[in-house]
Structure formats: C-alpha cells, structure tokens
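Undergrad: Sharing a structure below in structure tokens format, with a few things to ask.
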Amino acid sequence: MDLTNLTQVAAAQGCRITADAPMAAATTFRVGGPADLLIDLPTADAATAVIACCKQENIPWLFIGNGSNLLVGDKGIRGAVLRLANDGAAPILYPDHRLYAPGGMPLKRLCQFARDNGLTGLEFAYGIPGTVGGAVYMNGGAYGGCMGDVVVSADCLTADGTPCTLTAAQLAMSYRHTALMEKELLVTGVTLQLAPGDKDTIAATMQDLMGRRRDKQPLEYPSAGSFFKRPEGYFAGALIEQAGLKGFSVGDAQVSEKHAGFVVNRGGATAADIMELCRQVQEKVYAQFGVRLEPEVRFVGEFA
C-alpha cells in the first residue's frame, strides 16, 4: 500500500513518524514484528487529520497506548499504528477534586500528581504500566480498585476522527471491559472524580502496593501483566498453578515461576511461542477444572 500521502499529512501535523517500526520496542512484552508506520500524535487535532487521511487512502490503522496489554504478531502490523504522544502536559485540577488528564499521560505520573495534591482514589493504579487512555480503555485495575471507580467521562475520537465525549454510564465499565472496545475509540482525555486525602497516607499506600508488586510479580521480565482474565469464582493464577503449569515454557515464553497468572518473555520469546503457551495452558486448565481461561491481553497484527 502507498503510505506517501499519509506520511506527508502526519509530518505536516508535527507527528513523529517511524517506518517499519519494531513493535517489540513499543510493547512491554518486547515481542512483535514491524508496523508499516508508527505515528506519534502530538494533539487530538493531529489525530483527526491523520485518521481522515487513513480513511481517504484506505489505510488500516490501530490505536495503542503504552503497549502494556498487547501481543503483536511476529509478522507485524500492516498500515498505521497511532499513539498519542506524551507531551508532558500536566493534568488540570478543578475545585471539586476533579482531575482532567491527557490520554497519552503515563498512569504513574497521574497517580503522583494526585498524591502531591492530596487527592485519594488512584492509589490502586500506582505501578500499573500504561497510559491514562489505555487504562480507561480496558478498565484497568488492581488491589480492589479500578478506573471505573473514579472515571466521570472520557473524551474520544471515533474511527473517522470525530470528537465525542462518553459519560461513565456510556462507557459501561465492567471487569477489564468497556464500551470503548466495541467502538474502537481513541481516548484523548479523561475526567476523574477523586476525594481529598492526607498526602502522607496516600504516599504510604502507594509504596505499600508497589512493594507488594515487587514481591509477588515478575517485574524483572518483559510481560503484559496478568495474562488471563479472572474467571468467575476463581483466580486464573491459582488454577494454572494447581494444574502444575508454574514454570511451564514454550521456547522463551514461560508461565512465571513467581506468579502463575503472568506469562513472561525470558529474552527470546516470539509471539508464536506466547500464543502456543496460551493455547496449552487453556487446554490443560479446562481439562482439569472445566474452566475456560480468556486472555486479558489483546492480540493484534499478523501472526505466523
């Protein structure tokens, strides 16, 4: 496909453009083939212009955040991968303890901003990799909290580049799912409702949760966090461990020896390795317990 016009439009909008971009460098799994184009969008207006060009030129496009919940196929991604650039913009703080945060902002930075301004409600998210927009897209959460607890609304771009705002009710946020997934919207900004709190207490809670992560999660290896959704009435990691699969490997893809709910890349894993490991884990858990594990990680691009 001819990407010349798209490249010119993106350049005119001040985008950073990478051709044949290795998606292994754009995901926390550190696997995946090249995208034809990776375009970092500095503003929502730039996103609108780039999407319009993609539509006109019949070029497929994919929105991503920090790549922390993606498995990209070994053959890569055809067309354009669009990512909101982290331009360093600060959240906007309103008098009623609401925050407005850019979609491309790292979630950790938003948590730090809330802490520094004595706002509680985001402690659970400290240490979750990814962007604010990505966390809202999948209703990310941990330690009993989730984005759905604090989101008021999300500013988005539709697949044809039209701006829209969805309320919390319209987002329909449930366990690791939102209406955004069906509509393929790009989250450009999020309004959150927090509450006043003691800075020292908030900081202590964040450090406690980060310590638990370090103790229990395999942060020393590339991964996409919890690989499977929690089945109703069970814990995915417990089922996998009870099936005797802790440490089970396919190539350099491994069920973590530290936490069986994580699949890690021990250095040279391919997407095919991870897919096969996923298939075998699902098969063996179902054979023993009659429970079908559903991946939480999104599979995108072309697989061998």
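By order of appearance in the structure tokens: chains A, B, ..., then residues from 1 within every chain, and ligands from 1 in the order shown.
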Give me the residues near Cys164 of chain A as a PyMOL selection string, where near means some atom within 10 Å (using only C-alpha atoms) and where sequence neighbours in that chain fewer than 5 positions away do not count.
TA: chain A and resi 154-158+185+187-188
Undergrad: If you count only C-alpha atoms, which residues fall within 6 Å of Leu99 of chain A, apart from same-chain ones fewer than 2 positions away, as a list in words?
TA: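 Selected residues are Ile92, Leu93, Thr191 and Leu192 of chain A.
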Undergrad: May I have the residues from that selection written out with C-alpha atoms, as a PDB file, in the first residue's frame?
TA:
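Produced file selection15.pdb, reproduced below:
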```
ATOM      1  CA  ILE A  92      -5.938  20.111  35.177  1.00  0.00           C
ATOM      2  CA  LEU A  93      -7.156  20.268  38.765  1.00  0.00           C
ATOM      3  CA  THR A 191     -12.106  13.410  33.736  1.00  0.00           C
ATOM      4  CA  LEU A 192     -11.762  11.727  37.135  1.00  0.00           C
TER       5      LEU A 192
END
```
Undergrad: Leaving out Ala269 of chain A and any residue of its chain fewer than 6 positions from it, which residues lie within 10 Å of it when counting only C-alpha atoms, given as a ChimeraX atom specification?
TA: /A:29-32,222,249-254
Undergrad: Go ahead and write the selection's residues with N, CA and C atoms as a PDB file, in the first residue's frame.
TA:
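What landed in part24.pdb:
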```
ATOM      1  N   PHE A  29       5.766  -6.520  26.301  1.00  0.00           N
ATOM      2  CA  PHE A  29       6.134  -7.922  26.095  1.00  0.00           C
ATOM      3  C   PHE A  29       7.471  -8.041  25.362  1.00  0.00           C
ATOM      4  N   ARG A  30       7.844  -6.970  24.657  1.00  0.00           N
ATOM      5  CA  ARG A  30       9.082  -6.932  23.882  1.00  0.00           C
ATOM      6  C   ARG A  30       9.110  -8.008  22.791  1.00  0.00           C
ATOM      7  N   VAL A  31       7.959  -8.235  22.167  1.00  0.00           N
ATOM      8  CA  VAL A  31       7.881  -9.112  21.002  1.00  0.00           C
ATOM      9  C   VAL A  31       7.001  -8.437  19.956  1.00  0.00           C
ATOM     10  N   GLY A  32       7.101  -8.916  18.726  1.00  0.00           N
ATOM     11  CA  GLY A  32       6.245  -8.402  17.668  1.00  0.00           C
ATOM     12  C   GLY A  32       7.039  -7.887  16.487  1.00  0.00           C
ATOM     13  N   PRO A 222      10.067  -9.006  30.794  1.00  0.00           N
ATOM     14  CA  PRO A 222       9.007  -8.393  29.992  1.00  0.00           C
ATOM     15  C   PRO A 222       7.737  -9.238  30.041  1.00  0.00           C
ATOM     16  N   SER A 249       7.063 -23.798  29.937  1.00  0.00           N
ATOM     17  CA  SER A 249       7.630 -22.956  28.890  1.00  0.00           C
ATOM     18  C   SER A 249       7.337 -23.483  27.501  1.00  0.00           C
ATOM     19  N   VAL A 250       7.256 -22.558  26.563  1.00  0.00           N
ATOM     20  CA  VAL A 250       7.302 -22.843  25.130  1.00  0.00           C
ATOM     21  C   VAL A 250       8.327 -21.877  24.563  1.00  0.00           C
ATOM     22  N   GLY A 251       9.458 -22.395  24.122  1.00  0.00           N
ATOM     23  CA  GLY A 251      10.547 -21.511  23.744  1.00  0.00           C
ATOM     24  C   GLY A 251      10.948 -20.661  24.937  1.00  0.00           C
ATOM     25  N   ASP A 252      11.068 -19.361  24.706  1.00  0.00           N
ATOM     26  CA  ASP A 252      11.411 -18.450  25.789  1.00  0.00           C
ATOM     27  C   ASP A 252      10.189 -17.792  26.415  1.00  0.00           C
ATOM     28  N   ALA A 253       9.005 -18.261  26.068  1.00  0.00           N
ATOM     29  CA  ALA A 253       7.785 -17.827  26.749  1.00  0.00           C
ATOM     30  C   ALA A 253       7.550 -18.762  27.925  1.00  0.00           C
ATOM     31  N   GLN A 254       7.246 -18.189  29.079  1.00  0.00           N
ATOM     32  CA  GLN A 254       7.130 -19.013  30.289  1.00  0.00           C
ATOM     33  C   GLN A 254       6.008 -18.526  31.189  1.00  0.00           C
TER      34      GLN A 254
END
```
Undergrad: Compile a residue-level contact table for segment 144-196 of chain A against segment 108-123 of chain A at a cut-off of 12 Å, reporting for every qualifying residue the shortest atom pair and its distance in Å to one decimal, with only C-alpha atoms counted, rows ordered by chain and ascending number, as a Markdown table.
TA:
```
| residue | atom | partner | partner_atom | distance |
| --- | --- | --- | --- | --- |
| A:Gly144 | CA | A:Glu123 | CA | 10.4 |
| A:Gly145 | CA | A:Leu122 | CA | 8.1 |
| A:Cys146 | CA | A:Leu122 | CA | 8.5 |
| A:Met147 | CA | A:Leu122 | CA | 8.1 |
| A:Gly148 | CA | A:Leu122 | CA | 10.9 |
| A:Asp149 | CA | A:Gly121 | CA | 8.1 |
| A:Val150 | CA | A:Gly121 | CA | 6.9 |
| A:Val151 | CA | A:Gly121 | CA | 10.4 |
| A:Val190 | CA | A:Leu110 | CA | 11.0 |
| A:Thr191 | CA | A:Leu110 | CA | 11.7 |
| A:Leu192 | CA | A:Gly121 | CA | 9.4 |
| A:Gln193 | CA | A:Gly121 | CA | 8.2 |
| A:Leu194 | CA | A:Gly121 | CA | 5.4 |
| A:Ala195 | CA | A:Thr120 | CA | 5.3 |
| A:Pro196 | CA | A:Leu119 | CA | 4.7 |
```
Undergrad: Between A:Cys54, A:Val300, A:Leu166, A:Ala271, which is the closest to Gly67 of chain A once you count only C-alpha atoms?
TA: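 Closest residue, counting only C-alpha atoms: A:Val300.
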Undergrad: Mind listing the strand (DSSP E or B) residues of segment 30-181 of chain A, per DSSP on the backbone, as number ranges by chain?
TA: A: 34-41, 61-64, 70-72, 76-84, 92-93, 98-102, 106, 119-120, 131, 141-142, 145-146, 151-157, 163-167, 174, 177
Undergrad: Only C-alpha atoms, please: the residues just picked out, written as a PDB file, in the first residue's frame.
TA:
```pdb
ATOM      1  CA  PRO A  34       7.295  -4.245  12.416  1.00  0.00           C
ATOM      2  CA  ALA A  35       4.433  -1.856  11.835  1.00  0.00           C
ATOM      3  CA  ASP A  36       4.445  -0.226   8.408  1.00  0.00           C
ATOM      4  CA  LEU A  37       4.185   3.151  10.151  1.00  0.00           C
ATOM      5  CA  LEU A  38       4.179   4.144  13.810  1.00  0.00           C
ATOM      6  CA  ILE A  39       2.816   7.669  14.180  1.00  0.00           C
ATOM      7  CA  ASP A  40       3.068   9.558  17.468  1.00  0.00           C
ATOM      8  CA  LEU A  41       0.295  12.147  17.567  1.00  0.00           C
ATOM      9  CA  TRP A  61      -4.969   1.926  11.479  1.00  0.00           C
ATOM     10  CA  LEU A  62      -4.730   0.794  15.075  1.00  0.00           C
ATOM     11  CA  PHE A  63      -4.766   2.890  18.237  1.00  0.00           C
ATOM     12  CA  ILE A  64      -2.374   1.865  21.013  1.00  0.00           C
ATOM     13  CA  LEU A  70      -0.767  -6.127  23.706  1.00  0.00           C
ATOM     14  CA  LEU A  71       0.681  -9.139  21.970  1.00  0.00           C
ATOM     15  CA  VAL A  72       1.746  -8.168  18.451  1.00  0.00           C
ATOM     16  CA  GLY A  76       3.870  -7.138  12.448  1.00  0.00           C
ATOM     17  CA  ILE A  77       1.053  -4.738  11.644  1.00  0.00           C
ATOM     18  CA  ARG A  78       0.010  -3.521   8.221  1.00  0.00           C
ATOM     19  CA  GLY A  79      -0.935   0.108   7.849  1.00  0.00           C
ATOM     20  CA  ALA A  80      -0.521   2.678  10.607  1.00  0.00           C
ATOM     21  CA  VAL A  81      -0.209   2.339  14.362  1.00  0.00           C
ATOM     22  CA  LEU A  82      -1.350   5.551  16.055  1.00  0.00           C
ATOM     23  CA  ARG A  83      -0.199   6.559  19.501  1.00  0.00           C
ATOM     24  CA  LEU A  84      -0.857   9.742  21.462  1.00  0.00           C
ATOM     25  CA  ILE A  92      -5.938  20.111  35.177  1.00  0.00           C
ATOM     26  CA  LEU A  93      -7.156  20.268  38.765  1.00  0.00           C
ATOM     27  CA  ARG A  98     -11.868  16.519  39.790  1.00  0.00           C
ATOM     28  CA  LEU A  99      -8.888  15.991  37.509  1.00  0.00           C
ATOM     29  CA  TYR A 100      -8.653  16.156  33.754  1.00  0.00           C
ATOM     30  CA  ALA A 101      -5.738  14.146  32.357  1.00  0.00           C
ATOM     31  CA  PRO A 102      -4.469  13.745  28.771  1.00  0.00           C
ATOM     32  CA  PRO A 106       1.631   7.735  31.857  1.00  0.00           C
ATOM     33  CA  LEU A 119      -6.249  13.530  46.315  1.00  0.00           C
ATOM     34  CA  THR A 120      -7.155   9.937  47.095  1.00  0.00           C
ATOM     35  CA  THR A 131      -1.210   5.380  29.745  1.00  0.00           C
ATOM     36  CA  GLY A 141      -7.321  -2.089  37.980  1.00  0.00           C
ATOM     37  CA  ALA A 142      -5.551  -3.788  40.867  1.00  0.00           C
ATOM     38  CA  GLY A 145      -9.776  -0.773  42.677  1.00  0.00           C
ATOM     39  CA  CYS A 146     -10.330   0.033  39.014  1.00  0.00           C
ATOM     40  CA  VAL A 151     -13.907   7.975  35.842  1.00  0.00           C
ATOM     41  CA  VAL A 152     -16.540  10.645  35.204  1.00  0.00           C
ATOM     42  CA  SER A 153     -16.179  10.863  31.426  1.00  0.00           C
ATOM     43  CA  ALA A 154     -13.769  10.279  28.563  1.00  0.00           C
ATOM     44  CA  ASP A 155     -13.059  12.498  25.567  1.00  0.00           C
ATOM     45  CA  CYS A 156     -12.544  10.334  22.498  1.00  0.00           C
ATOM     46  CA  LEU A 157     -12.072  10.277  18.752  1.00  0.00           C
ATOM     47  CA  PRO A 163     -14.568  14.066  18.665  1.00  0.00           C
ATOM     48  CA  CYS A 164     -17.063  12.796  21.226  1.00  0.00           C
ATOM     49  CA  THR A 165     -17.441  12.562  24.994  1.00  0.00           C
ATOM     50  CA  LEU A 166     -18.753   9.475  26.763  1.00  0.00           C
ATOM     51  CA  THR A 167     -20.082   9.608  30.318  1.00  0.00           C
ATOM     52  CA  SER A 174     -17.028  -3.662  33.908  1.00  0.00           C
ATOM     53  CA  HIS A 177     -14.046  -4.245  29.660  1.00  0.00           C
TER      54      HIS A 177
END
```
Undergrad: Of the residues A:Ala168, A:Gln207, A:Met105, A:Met181, which is the one nearest to Phe124 of chain A, using only C-alpha atoms?
TA: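 When distances to Phe124 of chain A are compared using only C-alpha atoms, the smallest one comes from A:Gln207.
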Undergrad: Which of these, A:Leu239, A:Leu209, A:Ala260, A:Ala19, has the shortest distance to Lys284 of chain A once you count only C-alpha atoms?
TA: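 Once distances to Lys284 of chain A are computed over only C-alpha atoms, the minimum belongs to A:Leu239.
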Undergrad: Which one of A:Val264, A:Gln242, A:Val255, A:Glu296 sits closest to Tyr175 of chain A if you count only C-alpha atoms?
TA: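 The answer is A:Glu296, which sits nearest to Tyr175 of chain A.
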Undergrad: Closest to Glu184 of chain A among A:Gly161, A:Thr43, A:Leu3, A:Tyr94, using only C-alpha atoms?
TA: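 Between A:Gly161, A:Thr43, A:Leu3, A:Tyr94, the residue approaching Glu184 of chain A most closely is A:Gly161.
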Undergrad: Go through A:Pro42, A:Gly225, A:Gly247, A:Gly103 and flag the residue nearest Asn69 of chain A, using only C-alpha atoms for the distances.
TA: A:Gly225
